[in-house]
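Novice: Handing you this structure, nothing more for now.
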Amino acid sequence: MDNVSRRSFLTSAAAGATAFQIVRPELVRGAGNEKLRAGLVGCGGRGTAAISNILNGTDNVEIVALGDVFEDRLEDCLRRSKALKPELAARVKVEPDHHFTGFDAYKKVIESCDIVMLATYPAYRAMHFEAAVEAGKHIFCEKPFATDPVNLRRFMAAAQKSVEKKLTVKSGAQRRSQLWYLDQLKRLKSGELGDIVHMNAYWVGTPVLNFTNKALFPTGKRDPKMGDMEYQHRNWYSHVWLSGDQVVEQHLHNIDVCNWYMGGHPVEVVASGGAAWRPREEEYGNIYDHLSADFTYANGVHLSSYCRQYPGQQMAQNVSERIVCSKGVIDTQSLRNAAGAIDPYVQEHTDMMASILGKGPYINESIAVAESTMTCLMAREAAYSGQRVTWDMMMASQLDLLPKKFGYNEKVPVPPLPVPGVYKFV
């Protein structure tokens with residue numbers, strides 16, 4: 001593992017002062033056109049894409065640090081980033097002593113930069129976010145924000161601190177920066193569409209199967225040499241503690257839109273789900289392949305939510321939201337695969353930088369998207385247990401899925417696929 005002392009960090013920062021001005025985050029907002037240093041924690045596909053997105057979205061940022069639990073992922077991320085078009089690749093300035101690997105790599109990335117991009121496994125989001133807030137950094141934070149209620153409440157506490165510190169926090173819920181969604185929200189808030197009377201949310205798609213990566217899993221099976229931690233992280237989507245299950249990791253996008261448009265979160269949910277096609281084999285882990293939920297908001301409005309991951313392009317697919325109002329309907333299905341004028345994955349970074357520099361409205365989405373994460377966790381726990389689950393139950397739940405020890409050789413038992421009536425809400 002790379003080991004950079006505080007002294008060497010300050011030395012390298014001073015040496016780079018000719019390339020960019022180092023700015024204390026609390027002084028950045030409204031300060032001007034300073035070059036800011038960004039670091040990435042989590043060098044998988046989403047994190048690597050986030051580097052391209054932030055470089056395309058703003059001219060005054062440089063990538064100076066990378067962190068991941070696996071060195072091969074970090075080096076692949078750097079290789080891909082250096083292969084971007086020259087004007088972007090020139091701003092990827094990650095020196096060898098800023099390649100941080102291991103379970104504590106996030107700490108070293110945080111101390112190396114002004115903006116922290118958190119894109120590692122969702123299980124670690126609260127831990128990493130909390131550290132970034134304590135360090136006073138601006139944050140791009142991929143969704144979801146946790147995989148269990150205990151760690152999400154930890155995130156929520158840090159989110160409140162981030163607001164108090166006036167830190168910019170932009171989430172990976174990119175629809176919040178997508179022009180069409182913003183235009184529809186304006187129509188709703190203006191009264192043009194009347195009141196919301198019902199909502200539908202869908203993520204009907206195909207599965208995420210990490211073990212089909214032939215470079216890591218040549219046989220499609222676990223290499224016997226892999227310990228539990230390495231195997232589960234390499235095959236992260238199949239494990240509830242790492243991904244949260246589809247309703248949390250993926251369907252959050254749609255549920256977040258509904259909460260955003262409603263201006264709040266549901267108060268209770270009844271849900272059902274299971275594994276219709278996923279074999280009971282090790283590589284398929286312990287997540288469901290379909291889940292439906294009936295949420296109720298405080299004003300009595302219902303959200304009907306449905307997500308599934310079935311294999312085969314011939315299967316029906318639908319990733320959208322439908323907001324039924326008293327004077328009209330917002331239906332986003334037509335947006336799927338439609339090319340927009342501005343890529344929202346890029347626009348969210350443009351918006352974040354405008355907030356940091358005081359050139360646009362102040363943005364902190366941490367609390368709102370944390371509530372959407374809890375909404376998704378509430379549906380999952382209702383489906384797993386078969387119970388009606390309320391918001392208050394989730395805010396008091398003692399479910400904590402995060403291991404207490406981190407190391408490549410740690411044993412991590414995999415709980416069985418949840419069965420309603422057997423699985424207990426905690």
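Each chain of the structure tokens is named A, B, ... in the order shown, its residues numbered from 1; ligands are numbered from 1 in display order.
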Identify all residues of stretch 83-331 of chain A in strand (DSSP E) (DSSP on the backbone) and supply them as a ChimeraX atom specification.
Specialist: /A:99-101,115-118,138-141,169-171,196-205,268-274,290-296,302-309,318-325,328-331
Novice: Taking 5 positions as the minimum chain separation for residues in the same chain, which residues sit within 9 Å of A:Ile110 when counting only C-alpha atoms? Answer as a list of chain:residue names.
Specialist: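 Near neighbours after the sequence-gap exclusion: A:Gly39, A:Leu40, A:Val41, A:Ala65, A:Ala105, A:Ile115, A:Val116, A:His128, A:Ala131, A:Ala132, A:Ala135, A:Lys137.
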Novice: Go through A:Val346, A:Ile323, A:Cys258, A:Leu152 one by one, measure the shortest atom-to-atom distance of each to A:Ser52 using only C-alpha atoms, and give the residue with the smallest value.
Specialist: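 The answer is A:Val346, which sits nearest to A:Ser52.
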Novice: Give the answer as one residue: which of A:Gly220, A:Gly360, A:Thr206, A:Ser385 has the shortest atom-to-atom distance to A:Pro311, using only C-alpha atoms?
Specialist: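 Smallest distance to A:Pro311 is found for A:Thr206.
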Novice: Could you check the closest approach to A:Ala38 for each of A:Asp114, A:Asp68, A:Glu410, A:Glu283 and tell me which residue wins, using only C-alpha atoms?
Specialist: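 Closest to A:Ala38 of all the choices is A:Asp114.
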